$ cat upload-v4.cif   # mmCIF, C-alpha atoms
data_data
#
loop_
_atom_site.label_atom_id
_atom_site.label_comp_id
_atom_site.auth_asym_id
_atom_site.auth_seq_id
_atom_site.Cartn_x
_atom_site.Cartn_y
_atom_site.Cartn_z
CA MET A 18 0.00 0.00 0.00
CA THR A 19 1.58 3.27 -1.06
CA SER A 20 1.78 6.04 1.49
CA SER A 21 0.57 8.67 -0.96
CA LEU A 22 -2.88 7.14 -0.94
CA TRP A 23 -3.43 8.19 2.64
CA PRO A 24 -4.12 11.61 4.12
CA THR A 25 -1.37 13.40 5.97
CA GLN A 26 -1.35 15.54 9.06
CA ARG A 27 1.15 18.18 10.17
CA ASP A 28 3.60 17.06 12.83
CA SER A 29 3.60 19.71 15.56
CA THR A 30 7.29 19.23 16.39
CA THR A 31 8.83 19.06 12.93
CA GLY A 32 6.24 21.08 11.07
CA LYS A 33 6.29 18.45 8.31
CA HIS A 34 3.40 16.46 7.03
CA ALA A 35 3.42 12.93 8.39
CA GLU A 36 1.22 10.01 7.56
CA ILE A 37 -1.63 9.16 9.84
CA ALA A 38 -0.66 5.96 11.62
CA ARG A 39 -2.07 3.04 9.73
CA ALA A 40 -2.04 -0.70 9.51
CA ASP A 41 -1.62 -2.65 6.28
CA ASN A 42 -5.35 -2.91 5.72
CA GLY A 43 -6.81 0.02 7.61
CA VAL A 44 -6.22 3.07 9.79
CA ARG A 45 -4.82 2.42 13.27
CA THR A 46 -6.62 4.35 15.97
CA LEU A 47 -4.94 5.86 19.06
CA SER A 48 -5.99 2.82 21.08
CA GLY A 49 -4.21 0.54 18.61
CA ALA A 50 -7.29 -0.96 17.02
CA THR A 51 -7.48 -1.25 13.25
CA MET A 52 -10.36 0.57 11.59
CA LYS A 53 -11.19 -0.21 7.97
CA ASN A 54 -13.04 2.07 5.62
CA PRO A 55 -16.23 0.29 4.48
CA LEU A 56 -16.06 2.16 1.17
CA ASP A 57 -12.89 0.25 0.27
CA THR A 58 -14.98 -2.80 -0.56
CA LEU A 59 -18.04 -3.11 -2.77
CA TRP A 60 -19.96 -4.98 -0.10
CA GLY A 61 -19.14 -2.32 2.46
CA THR A 62 -20.35 0.34 0.05
CA VAL A 63 -23.61 -1.47 -0.68
CA ILE A 64 -24.28 -2.15 3.00
CA ALA A 65 -23.56 1.51 3.84
CA GLY A 66 -26.07 2.53 1.17
CA LEU A 67 -28.71 0.12 2.46
CA VAL A 68 -28.26 1.31 6.05
CA LEU A 69 -28.50 4.93 4.93
CA THR A 70 -31.66 4.11 2.98
CA ALA A 71 -33.26 2.50 6.03
CA VAL A 72 -32.32 5.41 8.31
CA LEU A 73 -33.60 8.04 5.88
CA TYR A 74 -36.79 6.06 5.28
CA ALA A 75 -37.49 5.92 9.02
CA ILE A 76 -36.84 9.67 9.37
CA VAL A 77 -39.05 10.59 6.39
CA LYS A 78 -41.84 8.26 7.47
CA THR A 79 -41.81 9.83 10.94
CA ALA A 80 -41.72 13.34 9.47
CA MET A 81 -44.77 12.52 7.38
CA GLY A 82 -46.61 11.24 10.45
CA GLY A 83 -46.50 7.62 9.36
CA MET B 8 -46.89 22.30 -21.70
CA GLU B 9 -47.62 19.46 -19.24
CA PHE B 10 -46.69 16.97 -21.95
CA ILE B 11 -43.24 18.52 -22.22
CA GLN B 12 -42.68 19.07 -18.48
CA LEU B 13 -44.20 15.91 -17.02
CA GLY B 14 -44.11 13.55 -19.99
CA LEU B 15 -40.91 14.26 -21.88
CA GLY B 16 -39.30 15.64 -18.72
CA ARG B 17 -39.75 12.38 -16.81
CA TRP B 18 -38.54 10.36 -19.80
CA VAL B 19 -35.38 12.46 -20.14
CA HIS B 20 -34.84 12.44 -16.36
CA VAL B 21 -35.06 8.66 -16.12
CA THR B 22 -33.02 8.01 -19.29
CA ALA B 23 -30.20 10.36 -18.28
CA GLY B 24 -30.35 8.98 -14.73
CA VAL B 25 -29.92 5.44 -16.04
CA MET B 26 -26.84 6.57 -17.98
CA TRP B 27 -25.42 8.44 -14.96
CA VAL B 28 -25.95 5.74 -12.36
CA GLY B 29 -25.21 3.01 -14.90
CA LEU B 30 -21.78 4.47 -15.60
CA LEU B 31 -21.27 5.03 -11.86
CA TYR B 32 -21.92 1.33 -11.29
CA TYR B 33 -19.64 0.47 -14.23
CA PHE B 34 -16.82 2.46 -12.62
CA ASN B 35 -17.33 0.85 -9.21
CA PHE B 36 -18.45 -2.70 -9.99
CA VAL B 37 -16.37 -3.30 -13.14
CA ASN B 38 -13.69 -0.75 -13.87
CA ALA B 39 -12.07 -0.44 -10.42
CA ALA B 40 -11.16 -4.13 -10.34
CA ALA B 41 -10.40 -4.21 -14.08
CA ALA B 42 -8.00 -1.26 -13.83
CA LYS B 43 -6.20 -2.90 -10.92
CA ALA B 44 -5.79 -6.15 -12.88
CA ALA B 45 -4.74 -4.24 -16.00
CA ALA B 46 -2.10 -2.33 -14.03
CA GLU B 47 -0.63 -5.64 -12.91
CA ASP B 48 -0.30 -7.03 -16.46
CA GLY B 49 0.71 -3.72 -18.02
CA THR B 50 -2.45 -3.06 -20.07
CA ALA B 51 -3.92 -0.20 -18.04
CA ALA B 52 -2.84 2.47 -20.51
CA GLY B 53 -5.53 1.45 -22.99
CA ILE B 54 -8.29 1.84 -20.40
CA ALA B 55 -6.97 5.21 -19.25
CA ARG B 56 -6.53 6.49 -22.79
CA HIS B 57 -9.52 5.10 -24.66
CA VAL B 58 -12.22 4.12 -22.16
CA MET B 59 -12.13 6.52 -19.22
CA PRO B 60 -12.29 9.85 -21.12
CA ARG B 61 -15.34 8.70 -23.08
CA ALA B 62 -17.06 7.14 -20.07
CA LEU B 63 -16.39 10.24 -17.94
CA PHE B 64 -17.77 12.52 -20.66
CA PHE B 65 -21.15 10.78 -20.71
CA PHE B 66 -21.03 10.28 -16.91
CA ARG B 67 -20.61 13.93 -15.99
CA TRP B 68 -22.96 15.36 -18.61
CA ALA B 69 -25.64 12.75 -17.85
CA SER B 70 -25.52 14.01 -14.26
CA VAL B 71 -26.31 17.54 -15.46
CA VAL B 72 -29.14 16.44 -17.75
CA THR B 73 -30.61 14.30 -14.96
CA TRP B 74 -30.57 17.19 -12.50
CA VAL B 75 -31.96 19.77 -14.94
CA ALA B 76 -34.75 17.44 -16.09
CA GLY B 77 -35.52 16.65 -12.44
CA ALA B 78 -35.73 20.35 -11.62
CA MET B 79 -38.01 20.82 -14.62
CA LEU B 80 -40.22 17.99 -13.39
CA LEU B 81 -40.57 19.62 -9.98
CA GLY B 82 -41.42 22.90 -11.69
CA SER B 83 -43.35 25.21 -9.37
CA HIS B 84 -42.90 22.66 -6.56
CA PHE B 85 -39.10 22.94 -6.71
CA LEU B 86 -38.88 24.80 -3.40
CA ASP B 87 -41.63 22.67 -1.82
CA ALA B 88 -39.33 19.68 -2.39
CA PHE B 89 -35.99 21.22 -1.46
CA LEU B 90 -37.33 23.06 1.59
CA PHE B 91 -39.67 20.20 2.63
CA ARG B 92 -42.56 22.66 2.68
CA GLN B 93 -45.26 20.09 1.89
CA HIS B 94 -45.50 16.58 3.31
CA ALA B 95 -46.14 15.07 -0.12
CA TYR B 96 -42.84 16.47 -1.37
CA ILE B 97 -40.64 15.31 1.51
CA PRO B 98 -39.63 11.96 -0.09
CA ILE B 99 -38.75 13.48 -3.46
CA GLY B 100 -37.08 16.36 -1.60
CA VAL B 101 -34.74 13.91 0.11
CA GLY B 102 -34.02 12.32 -3.26
CA ALA B 103 -33.43 15.73 -4.80
CA TRP B 104 -30.98 16.72 -2.09
CA ILE B 105 -29.07 13.45 -2.47
CA GLY B 106 -28.99 13.88 -6.26
CA THR B 107 -27.74 17.44 -5.89
CA PHE B 108 -24.98 16.33 -3.52
CA MET B 109 -24.00 13.60 -5.99
CA LEU B 110 -23.92 16.10 -8.86
CA LEU B 111 -21.64 18.41 -6.88
CA ASN B 112 -19.49 15.40 -6.00
CA VAL B 113 -19.11 14.57 -9.71
CA TRP B 114 -18.21 18.09 -10.83
CA GLY B 115 -16.44 19.30 -7.71
CA ILE B 116 -14.33 16.27 -6.78
CA ILE B 117 -14.46 13.28 -9.15
CA TRP B 118 -13.98 15.09 -12.48
CA PRO B 119 -11.19 17.45 -11.31
CA LYS B 120 -9.32 14.50 -9.77
CA GLN B 121 -9.85 12.33 -12.86
CA LYS B 122 -8.35 15.08 -15.02
CA ARG B 123 -5.15 14.77 -12.98
CA ILE B 124 -5.22 10.97 -13.04
CA LEU B 125 -5.69 10.87 -16.82
CA GLY B 126 -3.03 13.50 -17.50
CA MET B 127 -5.40 16.21 -18.75
CA VAL B 128 -4.01 18.43 -15.98
CA PRO B 129 -0.28 18.30 -15.12
CA ALA B 130 0.39 16.41 -11.88
CA SER B 131 3.27 14.60 -10.22
CA ASP B 132 3.07 10.87 -9.51
CA ASP B 133 2.39 11.65 -5.86
CA GLU B 134 -0.41 14.05 -6.76
CA LYS B 135 -1.88 11.47 -9.14
CA ALA B 136 -1.82 8.80 -6.46
CA ARG B 137 -3.56 11.12 -4.01
CA ALA B 138 -6.10 12.15 -6.66
CA ARG B 139 -6.77 8.48 -7.41
CA ARG B 140 -7.57 7.77 -3.77
CA ILE B 141 -9.84 10.81 -3.39
CA ALA B 142 -11.67 10.14 -6.66
CA PHE B 143 -12.12 6.50 -5.64
CA LEU B 144 -13.66 7.40 -2.29
CA ALA B 145 -15.86 10.13 -3.80
CA SER B 146 -17.11 7.63 -6.37
CA ARG B 147 -17.81 5.08 -3.63
CA VAL B 148 -19.73 7.72 -1.66
CA ASN B 149 -21.90 8.34 -4.72
CA THR B 150 -22.43 4.60 -5.16
CA ALA B 151 -23.64 4.30 -1.57
CA LEU B 152 -25.83 7.40 -1.98
CA SER B 153 -27.34 6.03 -5.19
CA LEU B 154 -29.26 3.43 -3.16
CA PRO B 155 -31.33 5.90 -1.08
CA LEU B 156 -31.49 8.19 -4.14
CA LEU B 157 -33.15 5.52 -6.27
CA PHE B 158 -35.37 4.43 -3.38
CA PHE B 159 -36.77 7.93 -2.85
CA MET B 160 -37.12 8.53 -6.59
CA ALA B 161 -39.05 5.28 -7.01
CA ALA B 162 -41.11 5.68 -3.84
CA SER B 163 -42.11 9.30 -4.37
CA GLY B 164 -44.81 9.00 -7.00
CA GLY B 165 -48.57 8.45 -6.65
CA GLN B 166 -49.60 5.06 -5.33
CA PHE B 167 -46.00 4.18 -4.48
CA ARG B 168 -45.74 7.11 -2.08
CA THR B 169 -49.04 6.13 -0.48
CA ALA B 170 -47.83 2.58 -0.04
CA MET B 171 -44.41 3.46 1.33
CA PHE B 172 -45.15 6.46 3.51
#
$ encode --input "upload-v4.cif" --output "structure tokens"
Amino acid sequence: MTSSLWPTQRDSTTGKHAEIARADNGVRTLSGATMKNPLDTLWGTVIAGLVLTAVLYAIVKTAMGG
Amino acid sequence: MEFIQLGLGRWVHVTAGVMWVGLLYYFNFVNAAAAKAAAEDGTAAGIARHVMPRALFFFRWASVVTWVAGAMLLGSHFLDAFLFRQHAYIPIGVGAWIGTFMLLNVWGIIWPKQKRILGMVPASDDEKARARRIAFLASRVNTALSLPLLFFMAASGGQFRTAMF
């Protein structure tokens, strides 16, 4: 995985941009856990879309008094 | 006048929308994996040179035609939908907002980044790699958004709205 594909953040001591800490297949959080981006996979993207559809449907149905 | 606005307008809206979302699905379900495989066997140049510019042309202009025809369909109810001023227009309003966001995503992020990736705008290898990642994620966001978009478009008319909401 090339480093240029990931966002950078400015290091407060050196003033240079440094990569956000990451694992081979996801971003490593401060606690050390690995967090993957669901949009990196097609299934993750589809599931995210379905969840968003369900949430918006519930909100709209409530707004319409359903 | 109604024939043009509601008849031809809906036809153009749906046809252009099929082209827009169809090419979006092509990029995400077919081309992303194909480009990766082509890069590994050294045949990616053909896709970048001959396929992507043509596909992106129809993709970005179909998004404009879809939005304009959709706005024409809403007509005098345009603000009722976008501002959720009437209950009946809330579902299509949500769809309209999602479609507008997707349009801005195409023209504001995906197309400018693709121009760098394809060499239409000068960019270093590092800038191209970064543009590739951003364009990829923006395209995936639009793919995810297309699901609620199509749901609210399909569920917003007549008996369908009554059944769903």
$ resolve_selection --input "upload-v4.cif" --expression "the PyMOL selection byres ((chain B and resi 103-120) around 9)" --output "number ranges by chain"
B: 63, 66-67, 70-71, 73-74, 77-78, 88-89, 98-102, 121-125, 128, 135, 137-139, 141-143, 145-146, 148-149, 152-153, 155-156, 159-160
$ resolve_selection --input "upload-v4.cif" --expression "the PyMOL selection byres ((chain A) within 8 of (chain B))" --output "VMD selection string"
chain A and resid 21 to 23 56 to 57 59 62 to 67 69 to 70 73 77 to 78 80 to 81 83
$ atom_distance --input "upload-v4.cif" --atom1 "CA of Thr58 (chain A)" --atom2 "CA of Met127 (chain B)"
28.0 Å
$ atom_distance --input "upload-v4.cif" --atom1 "CA of Glu47 (chain B)" --atom2 "CA of Met52 (chain A)"
27.1 Å
$ atom_distance --input "upload-v4.cif" --atom1 "CA of Val68 (chain A)" --atom2 "CA of Ala62 (chain B)"
29.0 Å
